[in-house]
Structure formats: C-alpha cells, structure tokens
>>> print(open('my_file-v3.txt').read())   # compact mmCIF, C-alpha atoms
# COMPACT_ATOMS: atom_id res chain seq x y z
CA MET R 1 4.99 -3.98 13.41
CA LEU R 2 4.22 -7.50 12.26
CA ILE R 3 7.62 -8.09 10.70
CA LEU R 4 9.51 -7.52 13.93
CA GLY R 5 7.54 -10.22 15.67
CA LEU R 6 7.94 -12.73 12.88
CA VAL R 7 11.43 -12.34 11.45
CA GLY R 8 13.07 -13.85 14.49
CA LEU R 9 10.70 -16.75 14.91
CA ALA R 10 12.49 -20.06 15.02
CA ASP R 11 9.55 -22.26 15.95
CA GLY R 12 7.74 -23.20 12.74
CA ALA R 13 4.54 -24.15 14.59
CA GLU R 14 4.31 -20.74 16.22
CA ALA R 15 5.01 -19.04 12.89
CA SER R 16 2.34 -21.06 11.08
CA ASN R 17 -0.24 -19.92 13.63
CA ARG R 18 0.49 -16.32 12.61
CA VAL R 19 0.36 -16.75 8.84
CA PRO R 20 -2.65 -14.87 7.42
CA ARG R 21 -5.32 -17.32 6.30
CA ASP R 22 -7.20 -15.02 3.90
CA LEU R 23 -6.65 -11.94 1.75
CA GLY R 24 -8.78 -9.66 3.90
CA PRO R 25 -12.00 -7.93 2.95
CA SER R 26 -12.87 -6.30 -0.33
CA THR R 27 -13.86 -2.71 0.46
CA ALA R 28 -14.32 -1.37 -3.09
CA THR R 29 -17.46 0.68 -3.70
CA ILE R 30 -18.55 2.85 -6.63
CA VAL R 31 -18.74 6.53 -5.68
CA THR R 32 -19.21 9.86 -7.44
CA ALA R 33 -15.73 11.21 -8.18
CA GLU R 34 -15.02 14.29 -6.06
CA HIS R 35 -12.83 15.91 -8.72
CA SER R 36 -12.54 15.75 -12.48
CA TYR R 37 -9.55 13.58 -13.36
CA PRO R 38 -9.00 11.37 -16.41
CA PRO R 39 -9.97 7.69 -16.10
CA GLY R 40 -7.17 5.62 -14.61
CA THR R 41 -6.03 8.37 -12.22
CA ILE R 42 -5.61 7.36 -8.58
CA VAL R 43 -6.67 9.93 -5.99
CA VAL R 44 -5.59 9.36 -2.38
CA LEU R 45 -7.53 11.32 0.24
CA SER R 46 -5.31 10.87 3.28
CA ASP R 47 -7.64 12.60 5.73
CA LYS R 48 -10.47 10.22 4.74
CA ARG R 49 -8.13 7.21 4.44
CA THR R 50 -9.51 6.35 1.01
CA LEU R 51 -8.06 5.70 -2.43
CA ASP R 52 -10.18 6.40 -5.51
CA LEU R 53 -9.50 4.93 -8.94
CA VAL R 54 -11.24 7.22 -11.42
CA LEU R 55 -13.47 5.32 -13.85
CA SER R 56 -15.34 6.74 -16.84
CA GLY R 57 -17.64 9.70 -16.36
CA ASN R 58 -17.84 11.02 -12.83
CA ARG R 59 -17.51 7.61 -11.18
CA ALA R 60 -14.66 6.22 -9.11
CA LEU R 61 -13.91 2.96 -7.39
CA ARG R 62 -13.17 3.75 -3.73
CA TYR R 63 -11.06 1.56 -1.44
CA LYS R 64 -10.38 1.86 2.28
CA ILE R 65 -6.64 2.36 2.96
CA GLY R 66 -4.16 2.89 5.77
CA VAL R 67 -2.05 6.04 5.47
CA GLY R 68 0.96 7.67 7.13
CA ARG R 69 0.84 8.28 10.84
CA ASP R 70 1.60 11.76 12.24
CA GLY R 71 4.78 13.12 10.72
CA PHE R 72 4.68 10.67 7.79
CA ARG R 73 1.80 11.96 5.67
CA TRP R 74 2.63 13.69 2.41
CA SER R 75 0.91 15.17 -0.63
CA GLY R 76 1.74 15.72 -4.27
CA VAL R 77 1.45 14.24 -7.72
CA VAL R 78 3.44 11.14 -8.65
CA LYS R 79 3.20 8.33 -11.20
CA VAL R 80 2.98 4.56 -11.01
CA GLY R 81 6.57 3.66 -11.92
CA ARG R 82 6.27 -0.10 -11.70
CA LYS R 83 4.14 -2.90 -10.26
CA THR R 84 5.17 -6.18 -8.66
CA GLU R 85 3.29 -9.29 -7.62
CA TRP R 86 4.38 -10.67 -4.24
CA PRO R 87 7.21 -8.13 -3.83
CA ASP R 88 10.29 -8.45 -1.67
CA TRP R 89 10.74 -5.67 0.90
CA ARG R 90 13.95 -3.82 1.62
CA PRO R 91 13.43 -1.36 4.48
CA PRO R 92 14.74 2.11 3.54
CA ALA R 93 17.76 3.40 5.45
CA GLU R 94 15.61 5.98 7.28
CA MET R 95 13.31 3.25 8.57
CA LYS R 96 16.22 1.07 9.62
CA ALA R 97 17.61 4.02 11.59
CA ARG R 98 14.25 4.41 13.40
CA VAL R 99 13.74 0.68 13.97
CA PRO R 100 17.05 -1.05 14.69
CA GLY R 101 17.09 -4.74 13.94
CA LEU R 102 15.09 -4.63 10.71
CA PRO R 103 16.50 -7.10 8.19
CA GLU R 104 18.14 -6.05 4.93
CA LEU R 105 15.54 -8.01 2.99
CA VAL R 106 12.21 -9.68 3.69
CA PRO R 107 11.43 -12.08 0.84
CA ALA R 108 8.00 -12.33 -0.70
CA GLY R 109 5.54 -14.34 1.33
CA PRO R 110 3.20 -14.26 4.28
CA PHE R 111 5.58 -12.40 6.60
CA ASN R 112 6.34 -9.63 4.13
CA PRO R 113 4.75 -6.30 5.09
CA MET R 114 4.21 -5.42 1.40
CA GLY R 115 1.56 -8.11 1.10
CA ALA R 116 0.32 -9.51 -2.20
CA ARG R 117 1.13 -6.61 -4.55
CA GLY R 118 3.32 -3.53 -4.69
CA ILE R 119 2.56 -0.44 -6.76
CA TYR R 120 5.70 1.72 -6.76
CA LEU R 121 5.33 5.50 -6.83
CA PHE R 122 7.83 7.56 -8.83
CA ARG R 123 8.48 11.28 -9.24
CA GLY R 124 9.92 11.59 -12.73
CA ASN R 125 12.35 8.67 -13.06
CA ALA R 126 13.10 8.57 -9.33
CA ASP R 127 11.54 6.05 -6.96
CA THR R 128 9.94 7.95 -4.06
CA LEU R 129 10.24 4.80 -1.87
CA TYR R 130 6.49 5.15 -1.22
CA ARG R 131 4.18 2.33 -2.27
CA ILE R 132 0.56 1.38 -2.55
CA HIS R 133 0.71 -2.16 -1.22
CA GLY R 134 -1.15 -4.95 0.46
CA THR R 135 -0.76 -5.80 4.11
CA ASN R 136 -0.98 -8.81 6.35
CA GLU R 137 -1.83 -6.47 9.24
CA GLN R 138 -5.48 -5.93 8.33
CA SER R 139 -6.13 -3.90 11.49
CA THR R 140 -3.99 -1.05 10.06
CA VAL R 141 -6.22 -0.53 7.00
CA GLY R 142 -8.34 2.54 7.63
CA GLU R 143 -5.86 3.88 10.17
CA PHE R 144 -2.99 6.38 10.35
CA ALA R 145 -0.37 3.68 10.72
CA SER R 146 2.36 3.65 8.06
CA SER R 147 5.62 5.45 7.37
CA GLY R 148 4.05 7.12 4.33
CA CYS R 149 2.95 4.17 2.20
CA PHE R 150 -0.68 3.39 1.46
CA ARG R 151 -1.87 0.01 2.81
CA MET R 152 -4.79 -1.96 1.44
CA SER R 153 -6.22 -5.35 2.19
CA ASN R 154 -4.54 -7.94 -0.02
CA ALA R 155 -7.89 -8.53 -1.76
CA ASP R 156 -8.18 -4.81 -2.59
CA VAL R 157 -4.58 -4.36 -3.75
CA ILE R 158 -4.91 -7.39 -6.06
CA ASP R 159 -8.03 -5.79 -7.57
CA LEU R 160 -6.38 -2.36 -7.93
CA TYR R 161 -3.21 -3.91 -9.38
CA LYS R 162 -5.24 -5.49 -12.22
CA ARG R 163 -6.89 -2.16 -13.03
CA VAL R 164 -4.04 0.37 -12.80
CA LYS R 165 -1.41 0.89 -15.49
CA VAL R 166 2.26 1.78 -15.17
CA GLY R 167 2.44 5.51 -15.91
CA ALA R 168 -0.89 6.28 -14.23
CA THR R 169 -1.06 9.58 -12.35
CA VAL R 170 -1.43 9.36 -8.56
CA VAL R 171 -2.72 12.49 -6.79
CA VAL R 172 -2.11 12.44 -3.03
CA LYS R 173 -4.08 14.97 -0.98
>>> encode(input="my_file-v3.txt", output="structure tokens")
Amino acid sequence: MLILGLVGLADGAEASNRVPRDLGPSTATIVTAEHSYPPGTIVVLSDKRTLDLVLSGNRALRYKIGVGRDGFRWSGVVKVGRKTEWPDWRPPAEMKARVPGLPELVPAGPFNPMGARGIYLFRGNADTLYRIHGTNEQSTVGEFASSGCFRMSNADVIDLYKRVKVGATVVVK
C-alpha cells in the first residue's frame, strides 16, 4: 500500500521522488449500455473492473477501475451521498485492525490514497464507508486490489466527479 511507504518518510528528497507527476490516463470510452437505467446512474461491473455512467439513450461512458480483492467485493444499490475534491482519508477501524500502524488521518495531497476526488457512497442516510475515488497507485486500476472501494485514475475520477450528481443511483454488480 502506497501510504505505508510514504507516511513515515522523513527525507523530503526521497518523498519528492515518489510524488505522482501526472493524473494518470483517461480510460473513458463510449459504449452501448448493457442495461436500461436512467441517465446519471452509475453501474459498477466488478467482474469486468469497469464503471459505466449511463448517458442518454442506450449509451454509457465506461471507465476502467480497480475493485475489491477477494473477500472485499460487494454488490447492491447505493446512492452518491456527497462528493469531495482532494479529500482527507481516515482509515476505517476495520482497516486499522488489519493494517496496524495506519495513521488516524492522511491529509489531502499526493500521498493520500483517495487521490484527486472522493465520491462517497451512502445507503439511505448512512455512509457505507465505500468510495469511488482517485488513486496515486495507477498500477491498481483494472485490478482486484482494494478493500471494497472503486479506484480510478485521477484523470478519470476528475471527469466522473464533474458529471455525477449527489443523489445519483449507484448499482454495484
């Protein structure tokens, strides 16, 4: 995990060599929507490691994403509860139990595993603690790598963030 290697760095020169220098690739492509959902709906296909934003008609904008590794994938219908640019990250208690030494808070910036944007997923009024977010670990996009969140290149999450509205339905399959 990138954050473990960087939180403890004391040498600024070494840290600056590890700061991401770009936002990663843009993977968005227009595809035929696989299901009939209203425009603005997000459809996550975990097995394909893709996220579709339904556009008008039968078209969708498809992005490559990283999804939960074995034991961390989930499915269901949730809503976008809030969105944040350059979010802070507070590791959930369950993650801190699995990975001792995680900090209480990682502030926004190049060492934050949430990347450039955070789209927070809610069930009713309750935060699920799952996110659609950017990543500075580009090699994990397209992989089964997370603890249940959906990772995108920072370029892609910035694009999605501009397009998606709070309250949008998110279908995770």
>>> residues_around(input="my_file-v3.txt", residues="Ala108 in chain R", least_positions_apart="2", cutoff="6 Å", atoms="all atoms listed in the file", output="number ranges by chain")
R: 86-88, 112
>>> write_last_selection(input="my_file-v3.txt", atoms="C-alpha atoms", output="PDB file, keeping the file's coordinate frame")
ATOM      1  CA  TRP R  86       4.380 -10.670  -4.240  1.00  0.00           C
ATOM      2  CA  PRO R  87       7.210  -8.130  -3.830  1.00  0.00           C
ATOM      3  CA  ASP R  88      10.290  -8.450  -1.670  1.00  0.00           C
ATOM      4  CA  ASN R 112       6.340  -9.630   4.130  1.00  0.00           C
TER       5      ASN R 112
END
>>> atom_distance(input="my_file-v3.txt", atom1="CA of Pro25 in chain R", atom2="CA of Asp127 in chain R")
29.1 Å
>>> closest_atom_pairs(input="my_file-v3.txt", of="range 70-164 of chain R", to="range 50-64 of chain R", cutoff="12 Å", atoms="all atoms listed in the file", output="tab-separated table")
residue	atom	partner	partner_atom	distance
R:Ile132	CA	R:Leu51	CA	9.6
R:His133	CA	R:Leu51	CA	11.8
R:Gly134	CA	R:Lys64	CA	11.6
R:Gln138	CA	R:Lys64	CA	11.0
R:Ser139	CA	R:Lys64	CA	11.7
R:Thr140	CA	R:Lys64	CA	10.5
R:Val141	CA	R:Lys64	CA	6.7
R:Gly142	CA	R:Lys64	CA	5.8
R:Glu143	CA	R:Lys64	CA	9.3
R:Phe144	CA	R:Thr50	CA	11.4
R:Phe150	CA	R:Leu51	CA	8.7
R:Arg151	CA	R:Lys64	CA	8.7
R:Met152	CA	R:Lys64	CA	6.8
R:Ser153	CA	R:Lys64	CA	8.3
R:Asn154	CA	R:Tyr63	CA	11.6
R:Ala155	CA	R:Tyr63	CA	10.6
R:Asp156	CA	R:Tyr63	CA	7.1
R:Val157	CA	R:Tyr63	CA	9.1
R:Ile158	CA	R:Tyr63	CA	11.8
R:Asp159	CA	R:Tyr63	CA	10.0
R:Leu160	CA	R:Leu53	CA	8.0
R:Tyr161	CA	R:Leu53	CA	10.9
R:Lys162	CA	R:Leu53	CA	11.7
R:Arg163	CA	R:Leu53	CA	8.6
R:Val164	CA	R:Leu53	CA	8.1
>>> atom_distance(input="my_file-v3.txt", atom1="CA of Pro107 in chain R", atom2="CA of Thr84 in chain R")
12.8 Å
>>> atom_distance(input="my_file-v3.txt", atom1="CA of Phe72 in chain R", atom2="CA of Val99 in chain R")
14.8 Å
>>> residues_around(input="my_file-v3.txt", residues="Ala145 in chain R", least_positions_apart="6", cutoff="9 Å", atoms="only C-alpha atoms", output="MDAnalysis selection string")
chainID R and resid 66:70 151
>>> write_last_selection(input="my_file-v3.txt", atoms="C-alpha atoms", output="CSV table (one decimal), keeping the file's coordinate frame")
chain,number,residue,atom,x,y,z
R,66,GLY,CA,-4.2,2.9,5.8
R,67,VAL,CA,-2.0,6.0,5.5
R,68,GLY,CA,1.0,7.7,7.1
R,69,ARG,CA,0.8,8.3,10.8
R,70,ASP,CA,1.6,11.8,12.2
R,151,ARG,CA,-1.9,0.0,2.8
>>> residues_around(input="my_file-v3.txt", residues="Trp74 in chain R", least_positions_apart="4", cutoff="10 Å", atoms="only C-alpha atoms", output="list of chain:residue names")
R:Ser46, R:Val67, R:Gly68, R:Gly148, R:Cys149, R:Val172, R:Lys173
>>> closest_residue(input="my_file-v3.txt", among="R:Ile119, R:Asn125, R:Lys165, R:Arg73", to="Asp47 in chain R", atoms="only C-alpha atoms")
R:Arg73
